[in-house]
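Participant: There's a structure below that I have some questions on.
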Amino acid sequence: MSESLAARYDVQTARWDDAHRWSPAPRFRRKIILRLLSRLRFTSLMEVGCAQPYLLVEIARRFPGRHLAGADIAASVIEDNARRFPAIDFRRLDIQREGLGRAYDVVVCSEVLEHLPDHRAALRNLRRSGLGQLIVTVPASPLFPIDRHVGHLRHFPGTSLEEDLEAEGFRVVESRSWGFPFHTLYKLAINKTDPDAFIRGFSEGRYDVGKRLLSELVYAVFHFNLHRLGWQKVVLASA
């Protein structure tokens, strides 16, 4: 396992908990993934990169009776998730170096590949794990300062993600871009104004009532974004 990568995210993920819970982009990604899942038949699901377990918790609520699992490189986060949500099978995993250990009907890999030094190895290990269908979300925007701050190594503009998936043996079932114009404007605003202030205020630390209300307002506006254009890529693929 890449110990330097694991150590970094062991520290950082705890700081991002409220941001993933309340901020508009993660919330809307969860909404999109849940819509996709409502169209799929599955009895088992694994989320790779489950440091903040809000997606898995919502899946458990909306799709009762499924076997749910989550894996992440950050050990302390996995231990905390397992303690808080004992009905979900959590384990530590470096998807760049090992497979899932068993087949799942659906695997979700949301906002993970952009953090990995070898994302193609991660796709290869997912493919070899015998999964049924894979849901991937990645950023497709330019690589902004805030993105680098939170550990993004690359983004996936154009059809680069689809090409990588197909090169590793997946079949792309559905691909869409999302986020224009309001998510795009939001990304530009937070990066072109004062990214350091945004990081201090909204990417890390706790969300007070004011931050939650502002996030709720932006989340509501995000419902007017187009689902065929933007800087967020969502792909459904089959193995």
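Residue numbers start at 1 in each chain; chains themselves are named A, B, ... in the order of the structure tokens; ligands are numbered from 1 in the order shown.
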Compile the contact shell of segment 140-147 of chain A as number ranges by chain: residues with an atom at most 7 Å away, counting only C-alpha atoms, same-chain residues fewer than 6 positions apart removed.
Facilitator: A: 154-157, 191, 195, 231-233
Participant: For the structure I just gave you, how does DSSP split segment 7-223 of chain A - specifically, which residues are strand (DSSP E or B)? Reply as JSON, numbers by chain.
Facilitator: {"A": [44, 45, 46, 47, 48, 67, 68, 69, 70, 71, 72, 89, 90, 91, 92, 106, 107, 108, 109, 110, 133, 134, 135, 136, 137, 138, 139, 171, 172, 173, 174, 175, 176, 177, 178]}
Participant: How about saving the chosen residues, C-alpha atoms kept, as a PDB file, in the first residue's frame?
Facilitator:
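Dumped to again_4.pdb:
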ATOM      1  CA  SER A  44     -24.519  -6.105  -3.497  1.00  0.00           C
ATOM      2  CA  LEU A  45     -22.642  -2.817  -3.811  1.00  0.00           C
ATOM      3  CA  MET A  46     -19.164  -1.600  -2.947  1.00  0.00           C
ATOM      4  CA  GLU A  47     -18.102   2.036  -2.742  1.00  0.00           C
ATOM      5  CA  VAL A  48     -14.379   2.471  -3.381  1.00  0.00           C
ATOM      6  CA  HIS A  67     -25.182  -6.120   0.999  1.00  0.00           C
ATOM      7  CA  LEU A  68     -23.216  -2.871   1.195  1.00  0.00           C
ATOM      8  CA  ALA A  69     -19.467  -2.466   1.553  1.00  0.00           C
ATOM      9  CA  GLY A  70     -17.015   0.399   1.537  1.00  0.00           C
ATOM     10  CA  ALA A  71     -13.257   0.588   1.082  1.00  0.00           C
ATOM     11  CA  ASP A  72     -10.769   3.406   1.513  1.00  0.00           C
ATOM     12  CA  ASP A  89     -18.798  -3.908   5.631  1.00  0.00           C
ATOM     13  CA  PHE A  90     -15.863  -1.472   5.728  1.00  0.00           C
ATOM     14  CA  ARG A  91     -12.245  -2.339   5.009  1.00  0.00           C
ATOM     15  CA  ARG A  92      -8.960  -0.683   4.144  1.00  0.00           C
ATOM     16  CA  VAL A 106     -22.325  -2.543  -8.580  1.00  0.00           C
ATOM     17  CA  VAL A 107     -19.171  -0.657  -7.643  1.00  0.00           C
ATOM     18  CA  VAL A 108     -19.234   3.105  -7.135  1.00  0.00           C
ATOM     19  CA  CYS A 109     -15.988   5.025  -7.541  1.00  0.00           C
ATOM     20  CA  SER A 110     -16.878   8.684  -7.056  1.00  0.00           C
ATOM     21  CA  GLN A 133     -21.431  -2.492 -13.279  1.00  0.00           C
ATOM     22  CA  LEU A 134     -19.263   0.479 -12.377  1.00  0.00           C
ATOM     23  CA  ILE A 135     -20.397   4.027 -11.661  1.00  0.00           C
ATOM     24  CA  VAL A 136     -17.588   6.570 -11.909  1.00  0.00           C
ATOM     25  CA  THR A 137     -17.650  10.304 -11.319  1.00  0.00           C
ATOM     26  CA  VAL A 138     -14.648  12.551 -11.937  1.00  0.00           C
ATOM     27  CA  PRO A 139     -14.010  16.259 -12.443  1.00  0.00           C
ATOM     28  CA  ARG A 171     -17.817  -1.183 -21.907  1.00  0.00           C
ATOM     29  CA  VAL A 172     -19.180   2.338 -21.498  1.00  0.00           C
ATOM     30  CA  VAL A 173     -22.961   2.055 -21.138  1.00  0.00           C
ATOM     31  CA  GLU A 174     -23.746   5.708 -20.489  1.00  0.00           C
ATOM     32  CA  SER A 175     -21.693   8.869 -20.199  1.00  0.00           C
ATOM     33  CA  ARG A 176     -22.842  12.362 -19.422  1.00  0.00           C
ATOM     34  CA  SER A 177     -21.436  15.693 -18.383  1.00  0.00           C
ATOM     35  CA  TRP A 178     -23.184  17.811 -15.789  1.00  0.00           C
TER      36      TRP A 178
END
Participant: Do a neighbour search on segment 221-225 of chain A at 7 Å with only C-alpha atoms, toss out local chain neighbours closer than 5 positions, and write the hits as a ChimeraX atom specification.
Facilitator: /A:179-183
Participant: Quick one: write out the picked residues with C-alpha atoms as a PDB file, in the first residue's frame?
Facilitator:
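Dumped to again.pdb:
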ATOM      1  CA  GLY A 179     -22.980  21.249 -14.236  1.00  0.00           C
ATOM      2  CA  PHE A 180     -23.396  24.061 -16.749  1.00  0.00           C
ATOM      3  CA  PRO A 181     -23.919  26.884 -16.014  1.00  0.00           C
ATOM      4  CA  PHE A 182     -24.156  27.142 -12.210  1.00  0.00           C
ATOM      5  CA  HIS A 183     -21.656  24.490 -11.104  1.00  0.00           C
TER       6      HIS A 183
END
Participant: Could you list, as a short mmCIF file (atom, residue, chain, number, x, y, z; two decimals) with N, CA and C atoms, in the first residue's frame, every residue within 9 Å of Asp164 of chain A, counting only C-alpha atoms and ignoring same-chain residues fewer than 6 positions away?
Facilitator:
data_model
loop_
_atom_site.label_atom_id
_atom_site.label_comp_id
_atom_site.auth_asym_id
_atom_site.auth_seq_id
_atom_site.Cartn_x
_atom_site.Cartn_y
_atom_site.Cartn_z
N ARG A 120 -5.00 4.14 -13.84
CA ARG A 120 -5.22 3.02 -14.75
C ARG A 120 -5.06 1.68 -14.02
N LEU A 123 -8.34 1.07 -12.24
CA LEU A 123 -9.36 0.55 -13.16
C LEU A 123 -9.09 -0.91 -13.49
N PHE A 170 -13.51 -2.28 -19.94
CA PHE A 170 -14.89 -1.95 -19.63
C PHE A 170 -15.64 -1.55 -20.90
#
Participant: Quick one: pull the distance between atom CA of Ala220 of chain A and atom CA of Pro24 of chain A, Å, one decimal.
Facilitator: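 Interatomic distance, atom CA of Ala220 of chain A to atom CA of Pro24 of chain A: 8.3 Å.
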Participant: One decimal, Å: what's the distance from atom CA of Arg66 of chain A over to atom CA of Glu98 of chain A, could you say?
Facilitator: 24.0 Å
Participant: Just the number, please: distance in Å from atom CA of Arg62 of chain A to atom CA of Tyr207 of chain A, one decimal.
Facilitator: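 Computing it gives 25.6 Å between the two atoms.
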Participant: Near Arg128 of chain A, within 9 Å and counting only C-alpha atoms, which residues show up once chain neighbours fewer than 4 positions away are dropped, as a ChimeraX atom specification?
Facilitator: /A:99-100,123-124,239
Participant: Hey, can you spit out that residue selection with N, CA and C atoms as a compact mmCIF listing (two decimals), in the first residue's frame?
Facilitator:
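File result-v4.txt, as written:
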# COMPACT_ATOMS: atom_id res chain seq x y z
N GLY A 99 -7.26 -5.93 -5.71
CA GLY A 99 -8.66 -5.96 -6.11
C GLY A 99 -9.59 -5.93 -4.92
N LEU A 100 -10.87 -6.13 -5.20
CA LEU A 100 -11.90 -6.02 -4.16
C LEU A 100 -12.03 -7.26 -3.29
N LEU A 123 -8.34 1.07 -12.24
CA LEU A 123 -9.36 0.55 -13.16
C LEU A 123 -9.09 -0.91 -13.49
N ARG A 124 -7.83 -1.25 -13.66
CA ARG A 124 -7.46 -2.64 -13.98
C ARG A 124 -7.86 -3.57 -12.85
N ALA A 239 -18.54 -4.44 -16.89
CA ALA A 239 -17.28 -5.19 -16.99
C ALA A 239 -17.35 -6.22 -18.10
Participant: Would you mind telling me which residue in A:Arg39, A:Arg29, A:Val112, A:Asp17 lies nearest to Pro53 of chain A when using only C-alpha atoms?
Facilitator: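 For Pro53 of chain A, the nearest of the given residues is A:Asp17.
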Participant: In terms of the shortest atom-to-atom distance over only C-alpha atoms, which of A:Cys50, A:Ile95, A:Val209, A:Leu214 is closest to Asn81 of chain A?
Facilitator: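 Among the listed residues, A:Cys50 lies closest to Asn81 of chain A.
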Participant: If we count only C-alpha atoms, what is near Gln96 of chain A at a cut-off of 7 Å, once residues fewer than 6 positions away on the same chain are taken out, given as number ranges by chain?
Facilitator: A: 118-119, 121-122, 125
Participant: May I have the residues from that selection written out with N, CA and C atoms, as a compact mmCIF listing (two decimals), in the first residue's frame?
Facilitator:
# COMPACT_ATOMS: atom_id res chain seq x y z
N ASP A 118 -1.70 6.29 -10.01
CA ASP A 118 -1.86 5.31 -11.10
C ASP A 118 -3.33 4.93 -11.22
N HIS A 119 -4.13 5.80 -11.80
CA HIS A 119 -5.57 5.52 -11.89
C HIS A 119 -5.87 4.37 -12.85
N ALA A 121 -4.13 1.61 -13.08
CA ALA A 121 -4.00 0.39 -12.28
C ALA A 121 -5.24 0.15 -11.44
N ALA A 122 -5.83 1.24 -10.93
CA ALA A 122 -7.07 1.11 -10.16
C ALA A 122 -8.19 0.55 -11.03
N ASN A 125 -7.60 -3.16 -11.61
CA ASN A 125 -7.96 -4.00 -10.46
C ASN A 125 -9.47 -4.09 -10.28
Participant: Considering only C-alpha atoms, state which residue in the set A:Val218, A:Leu188, A:Val77, A:Leu113 is at the smallest distance from Ser23 of chain A.
Facilitator: A:Val218
